[in-house]
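> Sharing a structure here in structure tokens format.
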There are 2 protein chains.
Amino acid sequence: MSSRGKVITLQEVAVRAGVSRMTVSKVLRGAGNISAETRQRVKQAADELGYLPNNLAGSLSSRKSRMVAVIIPSISDIVFSEVLSGINATLRPEGFQTFIGESLFDPQTETELIRAMLSFRPAGLLLNGGMARSADAEKLLTRRNCPAIQLWDCDGGALDFSAGPSHEEAGRLVANHFLERGLRRIAYVGAELHKDLCARRRYLSLKSALAAAGIDLLSMICEVRPRQAVTGRFLTEQLVLAHPEIEAIHFLNDAMALGGLSYLHQAGISVPDQISVIGFNGTSLANAVRTRLTTIDMARTEIGQKAAQALLQIIAAEPMPGVWRAALEVVQGNTTVPI
Amino acid sequence: MSSRGKVITLQEVAVRAGVSRMTVSKVLRGAGNISAETRQRVKQAADELGYLPNNLAGSLSSRKSRMVAVIIPSISDIVFSEVLSGINATLRPEGFQTFIGESLFDPQTETELIRAMLSFRPAGLLLNGGMARSADAEKLLTRRNCPAIQLWDCDGGALDFSAGPSHEEAGRLVANHFLERGLRRIAYVGAELHKDLCARRRYLSLKSALAAAGIDLLSMICEVRPRQAVTGRFLTEQLVLAHPEIEAIHFLNDAMALGGLSYLHQAGISVPDQISVIGFNGTSLANAVRTRLTTIDMARTEIGQKAAQALLQIIAAEPMPGVWRAALEVVQGNTTVPI
DNA sequence: TGCCGCTTTGTTATCGATAACATCAACTAA
DNA sequence: TTAGTTGATGTTATCGATAACAAAGCGGCA
């Protein structure tokens with residue numbers, strides 16, 4: 001906070017409008033009964049002085065806030081931008097502002113973010129599920145002073161509500177998709193599963209669904225490279241060289257799948273004739289490039305909406321613990337054969 | 001802010017540790033001279049009670065804050081995630097937390113975000129350049145109570161510092177790249193230029209550079225569709241059908257370029273033999289799919305770093321208006337012929 | 001012995017708003 | 001006329017921290 005010019009407070013506005021601080025406060029919040037004439041005078045004074053309310057003082061005093069804290073693992077993940085749209089579309093009309101923090105899947109960073117955001121006494125906290133959470137973070141959440149909601153995972157944990165897909169279901173859908181097409185030599189390509197626990201659950205679910213059908217899933221997982229296209233490409237190369245017999249690959253997400261496809265094409269491996277491919281999270285990109293990737297899609301915007309609606313309800317009334325489960329849909333592209 | 005349990009304040013910690021509020025405050029901030037023994041006792045008390053500082057009160061009283069507000073147009077734009085990494089990498093070690101707001105290129109939303117963030121009296125404000133800014137927003141920025149820095153555009157406006165590429169230069173680079181290869185029937189494909197003023201400047205710069213060479217740029221611009229792959233695909237189709245003579249296309253960004261390439265491939269148009277293509281913003285994706293897109297790259301992380309460093313300096317000392325200009329580099333892919 | 005200065009801790013006055021209640025005028029109803 | 005309402009505005013006491021200064025304890029040194 002640098003010292004540029006004098007800070008305008010309610011007091012200055014009050015003096016200029018010839019009323020008390022309290023009256024100015026009421027006018028600007030639209031509270032209480034104030035005559036039209038006074039209201040007009042106050043507004044004009046505030047405008048002329050360029051008054052900017054100090055939320056620190058306001059929220060401290062009223063113990064209320066219109067700020068909603070959202071903490072997501074990665075802002076570059078296309079996934080979250082759609083969830084966020086849903087959140088904003090629901091909260092902004094109600095006068096709430098969302099402030100976003102990015103944890104980069106790092107528990108330490110997430111903990112500090114939770115602490116920083118809670119210390120501003122927000123109206124609500126929206127957190128991403130499927131992250132390894134530190135003990136400190138858990139403790140902070142226990143002592144939180146606002147409702148907290150889990151996003152991106154319908155398995156709610158200890159929070160007040162959760163909205164997202166079932167990652168177990170996603171794994172099973174992939175298994176079925178491959179099995180229905182008679183594919184049996186199946187591989188999984190992923191990265192950073194120790195960070196992205198949702199992806200990990202999909203992986204484990206796929207693995208056990210296949211195991212139930214007597215199939216052993218081959219895994220190509222790298223914990224140190226990012227969950228991105230380049231990594232998908234690299235791991236696919238490793239996979240194909242080591243296991244040329246593979247018939248199908250499921251990738252952690254669409255970005256990695258696109259990377260993998262780029263290698264398969266270059267290596268002259270035909271998709272889906274020789275190898276079938278499924279990604280996760282239908283993104284606009286996945287359907288606009290040459291290959292239309294078979295993927296699993298869901299209503300991401302709606303996840304955000306449901307989460308925000310739940311938050312509003314919890315703020316208004318009291319309880320409403322619960323879950324909203326996002327429907328998953330396999331989008332048939334041309335990287336697996338249609339049935 | 002819901003009423004779950006009693007809120008723990010400095011007072012409760014002080015009582016439990018058998019000291020005054022002030023002592024607790026000093027211990028937890030690491031300020032003043034406090035004996036090791038007292039420090040230990042206070043820390044333990046705070047920990048046992050699960051004390052969470054109230055930043056509203058703290059910042060109000062000290063008129064200092066460790067929060068930095070960042071407002072970006074779109075979190076899904078891969079571009080900003082890298083800039084943000086640079087910002088966080090620089091600010092977090094100094095104990096600052098960044099809170100992000102998303103404006104979606106909407107001036108009204110941006111204005112409300114600026115207002116909301118400034119009303120929390122942040123230590124600094126990082127804004128994206130190249131947005132149409134409302135009069136209210138300008139007024140807020142004039143009366144701001146913290147340093148403000150412009151990102152993503154080295155043309156700083158009225159702010160304290162700016163870090164980013166020169167979009168004029170980018171347009172010229174594209175023009176030269178095409179001209180050097182003897183291409184003369186050139187088109188531009190973009191969207192939402194009334195919102196993304198940086199893109200608009202690149203476009204205008206390209207257009208005038210070509211005009212200087214006696215070439216009339218053909219424009220395919222849609223103001224209502226999003227700046228994404230699907231739009232790139234759609235507009236490219238329109239373009240090619242209406243103007244089959246086109247030899248080169250520059251796209252607003254890599255995502256749109258990938259969409260366009262997908263159409264060109266499907267239509268059996270060979271790249272770069274029949275049509276050369278250049279995108280903007282080398283993204284990891286652009287280099288991992290089948291086609292290696294020729295694009296313009298820059299050190300995005302460094303933009304964030306420079307902006308954050310400038311902020312720290314301005315916070316510490318007083319002045320330091322200035323500019324940091326990000327170097328641009330044409331990355332040769334296989335969508336234009338090498339020279 | 002008494003004054004000085006250092007370390008450690010406490011006191012008091014804010015920061016800039018809002019909640020809750022008080023006040024006062026005008027007006028209504030009995 | 002007089003009490004009772006209602007509407008419009010002001011007063012006082014917080015909210016939970018920190019700044020700035022005051023005070024107490026202690027040893028050193030002339």
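Just so we're on the same page: first chain in the structure tokens is A, next is B, and so on; residues restart at 1 for each chain, and ligands are numbered from 1 in the order they show up.
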Any chance you could dump chain A, least-squares fitted to chain B on all C-alpha atoms in order, as a compact mmCIF listing (two decimals) with C-alpha atoms, in the first residue's frame?


# COMPACT_ATOMS: atom_id res chain seq x y z
CA MET A 1 -19.06 -15.97 7.12
CA SER A 2 -21.00 -18.58 8.99
CA SER A 3 -20.98 -18.98 12.73
CA ARG A 4 -19.22 -22.25 13.30
CA GLY A 5 -17.77 -22.32 16.78
CA LYS A 6 -16.34 -19.32 18.57
CA VAL A 7 -13.77 -17.26 16.75
CA ILE A 8 -10.38 -17.30 18.38
CA THR A 9 -8.81 -13.87 18.67
CA LEU A 10 -5.51 -12.59 19.93
CA GLN A 11 -7.23 -12.03 23.25
CA GLU A 12 -7.90 -15.71 23.86
CA VAL A 13 -4.36 -16.61 22.94
CA ALA A 14 -3.06 -13.89 25.24
CA VAL A 15 -5.07 -15.16 28.18
CA ARG A 16 -3.96 -18.72 27.66
CA ALA A 17 -0.31 -17.72 27.37
CA GLY A 18 -0.61 -15.37 30.34
CA VAL A 19 0.58 -12.29 28.46
CA SER A 20 -0.97 -9.25 26.81
CA ARG A 21 -2.48 -9.10 23.34
CA MET A 22 0.35 -6.97 22.15
CA THR A 23 2.94 -9.54 23.11
CA VAL A 24 1.08 -12.22 21.21
CA SER A 25 0.86 -9.97 18.19
CA LYS A 26 4.58 -9.32 18.29
CA VAL A 27 5.47 -12.96 18.68
CA LEU A 28 3.33 -14.09 15.80
CA ARG A 29 4.67 -11.42 13.51
CA GLY A 30 8.23 -11.96 14.66
CA ALA A 31 8.48 -8.31 15.64
CA GLY A 32 9.98 -6.61 18.66
CA ASN A 33 12.10 -8.17 21.38
CA ILE A 34 10.41 -11.07 23.01
CA SER A 35 12.20 -13.60 25.21
CA ALA A 36 12.59 -17.07 23.86
CA GLU A 37 10.58 -18.50 26.72
CA THR A 38 7.57 -16.23 26.18
CA ARG A 39 7.75 -16.76 22.45
CA GLN A 40 7.56 -20.48 22.95
CA ARG A 41 4.62 -20.20 25.32
CA VAL A 42 2.68 -17.92 23.01
CA LYS A 43 3.28 -20.07 19.98
CA GLN A 44 2.11 -23.11 21.80
CA ALA A 45 -1.04 -21.37 23.01
CA ALA A 46 -1.82 -20.11 19.51
CA ASP A 47 -1.27 -23.55 18.12
CA GLU A 48 -3.40 -25.29 20.71
CA LEU A 49 -6.27 -22.89 20.13
CA GLY A 50 -5.90 -23.06 16.37
CA TYR A 51 -5.56 -19.31 16.17
CA LEU A 52 -6.01 -17.86 12.69
CA PRO A 53 -5.05 -14.19 12.36
CA ASN A 54 -7.70 -11.83 11.09
CA ASN A 55 -6.15 -10.03 8.20
CA LEU A 56 -9.01 -7.59 7.98
CA ALA A 57 -8.11 -6.23 11.38
CA GLY A 58 -4.38 -6.54 10.86
CA SER A 59 -4.21 -4.81 7.52
CA LEU A 60 -6.68 -2.17 8.58
CA SER A 61 -4.59 -1.27 11.55
CA SER A 62 -1.15 -1.44 10.00
CA ARG A 63 -2.22 -0.11 6.64
CA LYS A 64 -0.04 -2.80 5.15
CA SER A 65 -0.90 -5.89 3.23
CA ARG A 66 0.86 -8.87 1.73
CA MET A 67 -1.80 -9.52 -0.85
CA VAL A 68 -1.18 -8.81 -4.51
CA ALA A 69 -4.15 -8.61 -6.83
CA VAL A 70 -3.82 -9.95 -10.36
CA ILE A 71 -6.55 -9.42 -12.90
CA ILE A 72 -6.35 -11.37 -16.14
CA PRO A 73 -8.78 -11.66 -19.03
CA SER A 74 -9.07 -15.38 -19.11
CA ILE A 75 -7.60 -18.11 -16.99
CA SER A 76 -7.99 -20.66 -19.73
CA ASP A 77 -5.58 -18.81 -21.98
CA ILE A 78 -2.41 -20.82 -21.57
CA VAL A 79 -0.50 -17.61 -21.93
CA PHE A 80 -1.42 -16.26 -18.55
CA SER A 81 -0.64 -19.34 -16.59
CA GLU A 82 2.99 -18.98 -17.49
CA VAL A 83 3.04 -15.29 -16.73
CA LEU A 84 1.45 -16.11 -13.41
CA SER A 85 4.08 -18.73 -12.62
CA GLY A 86 6.70 -16.06 -13.01
CA ILE A 87 4.79 -13.74 -10.73
CA ASN A 88 4.31 -16.34 -8.02
CA ALA A 89 7.88 -17.56 -8.25
CA THR A 90 9.01 -14.05 -7.44
CA LEU A 91 6.40 -12.94 -4.93
CA ARG A 92 5.82 -16.03 -2.79
CA PRO A 93 9.36 -16.19 -1.39
CA GLU A 94 8.85 -12.59 -0.27
CA GLY A 95 5.75 -13.57 1.65
CA PHE A 96 3.18 -12.17 -0.75
CA GLN A 97 0.10 -14.05 -1.85
CA THR A 98 -1.46 -13.42 -5.22
CA PHE A 99 -5.22 -13.37 -5.61
CA ILE A 100 -6.49 -13.69 -9.14
CA GLY A 101 -9.57 -12.24 -10.75
CA GLU A 102 -10.85 -13.17 -14.20
CA SER A 103 -12.45 -10.48 -16.33
CA LEU A 104 -13.28 -12.51 -19.43
CA PHE A 105 -12.38 -9.44 -21.48
CA ASP A 106 -15.48 -7.74 -20.17
CA PRO A 107 -14.83 -4.12 -19.17
CA GLN A 108 -17.72 -4.10 -16.73
CA THR A 109 -16.47 -7.21 -14.98
CA GLU A 110 -12.95 -5.86 -14.96
CA THR A 111 -14.12 -2.65 -13.36
CA GLU A 112 -15.92 -4.50 -10.61
CA LEU A 113 -12.90 -6.67 -10.04
CA ILE A 114 -10.61 -3.69 -9.75
CA ARG A 115 -13.00 -2.11 -7.31
CA ALA A 116 -13.34 -5.27 -5.25
CA MET A 117 -9.62 -5.88 -5.13
CA LEU A 118 -8.63 -2.30 -4.37
CA SER A 119 -11.17 -2.21 -1.59
CA PHE A 120 -9.04 -4.80 0.18
CA ARG A 121 -6.10 -2.42 0.02
CA PRO A 122 -3.65 -4.80 -1.65
CA ALA A 123 0.09 -4.28 -1.75
CA GLY A 124 -0.02 -4.12 -5.51
CA LEU A 125 -2.19 -4.55 -8.55
CA LEU A 126 -1.18 -6.39 -11.71
CA LEU A 127 -3.41 -5.79 -14.68
CA ASN A 128 -3.49 -7.07 -18.15
CA GLY A 129 -2.88 -4.61 -20.88
CA GLY A 130 -4.75 -4.57 -24.12
CA MET A 131 -8.23 -4.48 -22.74
CA ALA A 132 -10.88 -1.96 -23.45
CA ARG A 133 -11.09 -0.27 -20.07
CA SER A 134 -14.17 1.52 -18.81
CA ALA A 135 -14.09 5.13 -17.66
CA ASP A 136 -14.92 3.96 -14.15
CA ALA A 137 -11.97 1.62 -14.20
CA GLU A 138 -9.65 4.43 -15.29
CA LYS A 139 -10.95 6.55 -12.47
CA LEU A 140 -10.39 3.78 -9.94
CA LEU A 141 -6.86 3.35 -11.21
CA THR A 142 -6.17 7.04 -10.86
CA ARG A 143 -7.23 6.97 -7.24
CA ARG A 144 -5.60 3.65 -6.49
CA ASN A 145 -3.79 3.28 -3.21
CA CYS A 146 -1.11 0.90 -4.36
CA PRO A 147 1.36 0.47 -7.19
CA ALA A 148 -0.14 -0.89 -10.39
CA ILE A 149 1.66 -2.72 -13.14
CA GLN A 150 0.65 -3.66 -16.62
CA LEU A 151 1.23 -7.13 -17.95
CA TRP A 152 1.37 -8.57 -21.40
CA ASP A 153 1.97 -5.31 -23.17
CA CYS A 154 5.01 -3.12 -22.98
CA ASP A 155 2.99 -0.03 -23.81
CA GLY A 156 2.46 1.00 -20.24
CA GLY A 157 -0.38 3.47 -20.22
CA ALA A 158 -0.71 5.42 -17.01
CA LEU A 159 0.55 2.68 -14.71
CA ASP A 160 3.79 2.43 -12.78
CA PHE A 161 5.48 -0.20 -14.88
CA SER A 162 4.75 -2.52 -17.73
CA ALA A 163 6.18 -5.81 -18.87
CA GLY A 164 5.32 -7.61 -22.05
CA PRO A 165 6.01 -7.95 -25.72
CA SER A 166 5.53 -5.28 -28.33
CA HIS A 167 2.51 -6.32 -30.30
CA GLU A 168 3.46 -3.97 -33.10
CA GLU A 169 6.70 -5.85 -33.42
CA ALA A 170 4.88 -9.17 -33.53
CA GLY A 171 2.79 -7.98 -36.45
CA ARG A 172 5.90 -6.85 -38.31
CA LEU A 173 7.64 -10.17 -37.66
CA VAL A 174 4.78 -12.04 -39.24
CA ALA A 175 4.79 -9.72 -42.23
CA ASN A 176 8.51 -10.20 -42.74
CA HIS A 177 8.26 -13.94 -42.37
CA PHE A 178 5.70 -14.13 -45.14
CA LEU A 179 7.39 -11.56 -47.37
CA GLU A 180 10.79 -13.24 -47.10
CA ARG A 181 9.16 -16.38 -48.45
CA GLY A 182 7.69 -14.56 -51.39
CA LEU A 183 4.11 -14.95 -50.20
CA ARG A 184 1.82 -12.14 -51.29
CA ARG A 185 -1.79 -13.31 -50.99
CA ILE A 186 -2.01 -13.09 -47.21
CA ALA A 187 -4.94 -13.41 -44.84
CA TYR A 188 -5.53 -12.82 -41.17
CA VAL A 189 -7.92 -14.92 -39.08
CA GLY A 190 -9.00 -13.66 -35.69
CA ALA A 191 -11.89 -13.11 -33.33
CA GLU A 192 -13.09 -10.73 -30.66
CA LEU A 193 -10.64 -8.02 -31.61
CA HIS A 194 -12.79 -5.42 -29.93
CA LYS A 195 -12.07 -7.18 -26.68
CA ASP A 196 -8.50 -8.31 -27.14
CA LEU A 197 -6.81 -5.05 -28.04
CA CYS A 198 -3.36 -6.59 -28.02
CA ALA A 199 -4.39 -8.97 -30.76
CA ARG A 200 -5.91 -6.01 -32.52
CA ARG A 201 -2.61 -4.17 -32.44
CA ARG A 202 -0.82 -7.16 -33.90
CA TYR A 203 -3.40 -7.30 -36.62
CA LEU A 204 -3.16 -3.62 -37.47
CA SER A 205 0.61 -3.76 -37.42
CA LEU A 206 0.64 -6.72 -39.80
CA LYS A 207 -1.79 -4.94 -42.04
CA SER A 208 0.22 -1.76 -42.24
CA ALA A 209 3.54 -3.58 -42.68
CA LEU A 210 2.02 -5.40 -45.62
CA ALA A 211 0.49 -2.23 -46.96
CA ALA A 212 3.98 -0.70 -46.94
CA ALA A 213 5.00 -3.54 -49.24
CA GLY A 214 2.03 -2.86 -51.47
CA ILE A 215 0.01 -5.80 -50.23
CA ASP A 216 -3.59 -5.71 -49.14
CA LEU A 217 -4.26 -7.96 -46.15
CA LEU A 218 -7.39 -10.03 -46.33
CA SER A 219 -9.18 -10.20 -42.98
CA MET A 220 -11.46 -12.87 -41.66
CA ILE A 221 -12.52 -11.60 -38.30
CA CYS A 222 -15.48 -12.63 -36.23
CA GLU A 223 -16.40 -10.50 -33.27
CA VAL A 224 -18.90 -12.83 -31.68
CA ARG A 225 -17.23 -16.21 -31.60
CA PRO A 226 -14.55 -17.08 -29.04
CA ARG A 227 -10.85 -16.92 -29.80
CA GLN A 228 -10.59 -20.69 -29.89
CA ALA A 229 -9.85 -23.64 -32.07
CA VAL A 230 -13.41 -24.15 -33.27
CA THR A 231 -13.62 -20.57 -34.41
CA GLY A 232 -10.31 -20.86 -36.21
CA ARG A 233 -11.61 -23.87 -38.03
CA PHE A 234 -14.86 -22.21 -39.00
CA LEU A 235 -13.31 -18.98 -40.22
CA THR A 236 -10.65 -20.80 -42.19
CA GLU A 237 -13.33 -22.70 -44.02
CA GLN A 238 -15.12 -19.46 -44.87
CA LEU A 239 -11.87 -17.91 -45.95
CA VAL A 240 -10.74 -20.72 -48.21
CA LEU A 241 -14.12 -21.08 -49.87
CA ALA A 242 -14.35 -17.38 -50.59
CA HIS A 243 -10.68 -16.85 -51.48
CA PRO A 244 -9.08 -20.02 -52.81
CA GLU A 245 -6.13 -17.98 -54.03
CA ILE A 246 -4.82 -17.36 -50.50
CA GLU A 247 -1.19 -18.38 -49.91
CA ALA A 248 -0.65 -17.60 -46.24
CA ILE A 249 -2.64 -17.16 -43.06
CA HIS A 250 -1.74 -15.59 -39.75
CA PHE A 251 -3.97 -16.61 -36.84
CA LEU A 252 -4.72 -14.62 -33.72
CA ASN A 253 -3.26 -17.38 -31.55
CA ASP A 254 -2.06 -20.96 -31.67
CA ALA A 255 -5.38 -22.43 -30.66
CA MET A 256 -7.15 -20.83 -33.60
CA ALA A 257 -4.31 -21.85 -35.87
CA LEU A 258 -4.66 -25.48 -34.84
CA GLY A 259 -8.35 -25.29 -35.60
CA GLY A 260 -7.58 -23.79 -38.98
CA LEU A 261 -5.02 -26.45 -39.74
CA SER A 262 -7.53 -29.12 -38.95
CA TYR A 263 -9.82 -27.74 -41.64
CA LEU A 264 -7.06 -27.31 -44.19
CA HIS A 265 -6.01 -30.90 -43.72
CA GLN A 266 -9.53 -32.19 -44.05
CA ALA A 267 -10.08 -30.11 -47.17
CA GLY A 268 -6.98 -31.66 -48.67
CA ILE A 269 -5.09 -28.39 -48.76
CA SER A 270 -1.40 -28.96 -48.27
CA VAL A 271 0.49 -26.95 -45.66
CA PRO A 272 2.82 -25.23 -46.34
CA ASP A 273 2.86 -26.05 -50.07
CA GLN A 274 -0.45 -24.42 -50.83
CA ILE A 275 -0.96 -22.34 -47.72
CA SER A 276 1.58 -21.25 -45.10
CA VAL A 277 0.42 -20.77 -41.52
CA ILE A 278 1.70 -18.82 -38.54
CA GLY A 279 0.16 -18.74 -35.10
CA PHE A 280 1.01 -16.69 -32.03
CA ASN A 281 2.32 -17.86 -28.66
CA GLY A 282 4.36 -21.01 -28.85
CA THR A 283 2.53 -23.40 -26.59
CA SER A 284 3.66 -26.85 -25.63
CA LEU A 285 0.63 -28.19 -27.37
CA ALA A 286 1.46 -26.57 -30.66
CA ASN A 287 4.69 -28.50 -30.81
CA ALA A 288 3.42 -31.85 -29.74
CA VAL A 289 0.65 -32.57 -32.17
CA ARG A 290 1.29 -33.87 -35.64
CA THR A 291 1.93 -30.52 -37.16
CA ARG A 292 4.63 -28.33 -35.70
CA LEU A 293 3.08 -24.94 -36.05
CA THR A 294 5.27 -22.00 -36.98
CA THR A 295 4.56 -19.47 -34.27
CA ILE A 296 5.86 -16.51 -32.34
CA ASP A 297 7.18 -17.30 -28.92
CA MET A 298 8.46 -15.29 -25.99
CA ALA A 299 9.63 -15.76 -22.42
CA ARG A 300 6.24 -15.61 -20.76
CA THR A 301 7.46 -16.65 -17.35
CA GLU A 302 10.03 -13.89 -17.46
CA ILE A 303 7.32 -11.34 -18.11
CA GLY A 304 5.76 -12.32 -14.81
CA GLN A 305 9.10 -12.23 -13.04
CA LYS A 306 9.98 -8.79 -14.31
CA ALA A 307 6.58 -7.45 -13.40
CA ALA A 308 6.80 -8.89 -9.90
CA GLN A 309 10.34 -7.63 -9.39
CA ALA A 310 9.29 -4.18 -10.44
CA LEU A 311 6.41 -4.34 -7.99
CA LEU A 312 8.71 -5.33 -5.14
CA GLN A 313 11.05 -2.49 -5.97
CA ILE A 314 8.26 0.04 -6.12
CA ILE A 315 6.90 -1.19 -2.81
CA ALA A 316 10.34 -0.97 -1.21
CA ALA A 317 11.63 2.31 -2.54
CA GLU A 318 9.39 4.78 -4.22
CA PRO A 319 9.60 5.36 -7.92
CA MET A 320 10.81 3.22 -10.82
CA PRO A 321 8.45 3.87 -13.64
CA GLY A 322 9.51 1.95 -16.68
CA VAL A 323 9.05 -0.80 -19.13
CA TRP A 324 10.42 -4.23 -19.73
CA ARG A 325 10.08 -5.42 -23.24
CA ALA A 326 9.89 -9.15 -23.87
CA ALA A 327 11.90 -10.41 -26.82
CA LEU A 328 9.90 -12.07 -29.56
CA GLU A 329 11.13 -15.04 -31.51
CA VAL A 330 9.71 -16.66 -34.60
CA VAL A 331 9.79 -20.41 -34.05
CA GLN A 332 10.11 -22.18 -37.35
CA GLY A 333 7.80 -25.17 -37.59
CA ASN A 334 6.64 -27.07 -40.62
CA THR A 335 3.66 -24.93 -41.47
CA THR A 336 5.86 -22.45 -43.31
CA VAL A 337 8.88 -23.31 -45.42
CA PRO A 338 12.28 -22.81 -43.80
CA ILE A 339 14.64 -20.38 -45.47

> Taking the DSSP assignment computed from this structure's backbone, write out as a PyMOL selection string all residues of stretch 28-166 of chain B that belong to alpha helix (DSSP H).

chain B and resi 28-29+36-49+55-62+78-91+107-118+135-142

> Expressed in Å to a single decimal, how great is the separation between atom C1' of C:DC15 and atom C1' of D:DA24?

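According to the coordinates, atom C1' of C:DC15 and atom C1' of D:DA24 are separated by 28.8 Å.
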
> Only residues of chain C matter here; which ones have an atom within 6 Å of chain A, counting only C-alpha atoms (C1' of nucleotides)? Give them as a PyMOL selection string.

chain C and resi 16-18

> Would you output that residue set with N, CA, C and O atoms (P, O5', C5', C4', C3', O3' and C1' of nucleotides), as a compact mmCIF listing (two decimals), in the first residue's frame?


# COMPACT_ATOMS: atom_id res chain seq x y z
P DG C 16 -7.91 5.31 7.97
O5' DG C 16 -9.36 4.68 7.73
C5' DG C 16 -9.47 3.54 6.93
C4' DG C 16 -10.86 2.98 7.10
C3' DG C 16 -11.98 3.97 6.81
O3' DG C 16 -12.85 3.35 5.89
C1' DG C 16 -12.35 2.86 8.85
P DA C 17 -14.05 4.09 5.23
O5' DA C 17 -15.29 3.56 6.10
C5' DA C 17 -16.16 2.61 5.56
C4' DA C 17 -16.37 1.46 6.53
C3' DA C 17 -17.80 1.31 7.03
O3' DA C 17 -18.49 0.43 6.15
C1' DA C 17 -16.19 0.99 8.79
P DT C 18 -20.07 0.40 6.16
O5' DT C 18 -20.42 -0.38 7.52
C5' DT C 18 -20.10 -1.75 7.62
C4' DT C 18 -20.64 -2.28 8.93
C3' DT C 18 -22.15 -2.16 9.09
O3' DT C 18 -22.60 -3.35 9.68
C1' DT C 18 -21.09 -1.05 10.87

> At a cut-off of 9 Å, which residues of chain D touch chain A? Count only C-alpha atoms (C1' of nucleotides) and give the answer as an MDAnalysis selection string.

chainID D and resid 7:10 14:16

> Those same residues - N, CA, C and O atoms (P, O5', C5', C4', C3', O3' and C1' of nucleotides) - I'd like them written as an mmCIF file, in the first residue's frame.


data_model
loop_
_atom_site.group_PDB
_atom_site.id
_atom_site.type_symbol
_atom_site.label_atom_id
_atom_site.label_comp_id
_atom_site.auth_asym_id
_atom_site.auth_seq_id
_atom_site.Cartn_x
_atom_site.Cartn_y
_atom_site.Cartn_z
ATOM 1 P P DG D 7 -42.384 4.490 7.753
ATOM 2 O "O5'" DG D 7 -41.583 5.857 7.877
ATOM 3 C "C5'" DG D 7 -42.201 7.075 7.495
ATOM 4 C "C4'" DG D 7 -41.146 8.150 7.468
ATOM 5 C "C3'" DG D 7 -39.858 7.744 6.742
ATOM 6 O "O3'" DG D 7 -39.397 8.868 6.019
ATOM 7 C "C1'" DG D 7 -39.350 8.280 8.988
ATOM 8 P P DA D 8 -38.060 8.790 5.171
ATOM 9 O "O5'" DA D 8 -37.022 9.507 6.130
ATOM 10 C "C5'" DA D 8 -37.166 10.919 6.346
ATOM 11 C "C4'" DA D 8 -36.033 11.393 7.213
ATOM 12 C "C3'" DA D 8 -34.638 11.068 6.679
ATOM 13 O "O3'" DA D 8 -33.907 12.284 6.659
ATOM 14 C "C1'" DA D 8 -34.854 10.359 8.932
ATOM 15 P P DT D 9 -32.406 12.280 6.115
ATOM 16 O "O5'" DT D 9 -31.585 12.109 7.454
ATOM 17 C "C5'" DT D 9 -31.461 13.236 8.323
ATOM 18 C "C4'" DT D 9 -30.837 12.813 9.624
ATOM 19 C "C3'" DT D 9 -29.358 12.456 9.560
ATOM 20 O "O3'" DT D 9 -28.644 13.543 10.118
ATOM 21 C "C1'" DT D 9 -30.578 11.074 11.063
ATOM 22 P P DG D 10 -27.070 13.543 10.276
ATOM 23 O "O5'" DG D 10 -26.884 13.129 11.806
ATOM 24 C "C5'" DG D 10 -27.575 13.863 12.815
ATOM 25 C "C4'" DG D 10 -27.332 13.245 14.179
ATOM 26 C "C3'" DG D 10 -25.858 13.005 14.520
ATOM 27 O "O3'" DG D 10 -25.634 13.386 15.872
ATOM 28 C "C1'" DG D 10 -27.074 10.987 14.720
ATOM 29 P P DT D 14 -18.592 -1.823 23.944
ATOM 30 O "O5'" DT D 14 -17.418 -1.570 22.909
ATOM 31 C "C5'" DT D 14 -16.732 -2.652 22.318
ATOM 32 C "C4'" DT D 14 -17.500 -3.193 21.103
ATOM 33 C "C3'" DT D 14 -16.598 -4.074 20.249
ATOM 34 O "O3'" DT D 14 -17.169 -5.349 20.126
ATOM 35 C "C1'" DT D 14 -17.517 -2.291 18.939
ATOM 36 P P DC D 15 -16.141 -6.568 20.190
ATOM 37 O "O5'" DC D 15 -16.049 -7.232 18.758
ATOM 38 C "C5'" DC D 15 -16.939 -6.965 17.677
ATOM 39 C "C4'" DC D 15 -16.190 -6.964 16.369
ATOM 40 C "C3'" DC D 15 -14.773 -7.510 16.452
ATOM 41 O "O3'" DC D 15 -14.760 -8.822 15.953
ATOM 42 C "C1'" DC D 15 -14.868 -5.434 15.208
ATOM 43 P P DG D 16 -13.962 -9.966 16.811
ATOM 44 O "O5'" DG D 16 -12.428 -9.714 16.488
ATOM 45 C "C5'" DG D 16 -11.980 -9.919 15.167
ATOM 46 C "C4'" DG D 16 -10.603 -9.346 15.031
ATOM 47 C "C3'" DG D 16 -9.593 -9.862 16.058
ATOM 48 O "O3'" DG D 16 -8.454 -10.289 15.347
ATOM 49 C "C1'" DG D 16 -9.525 -7.521 15.947
#
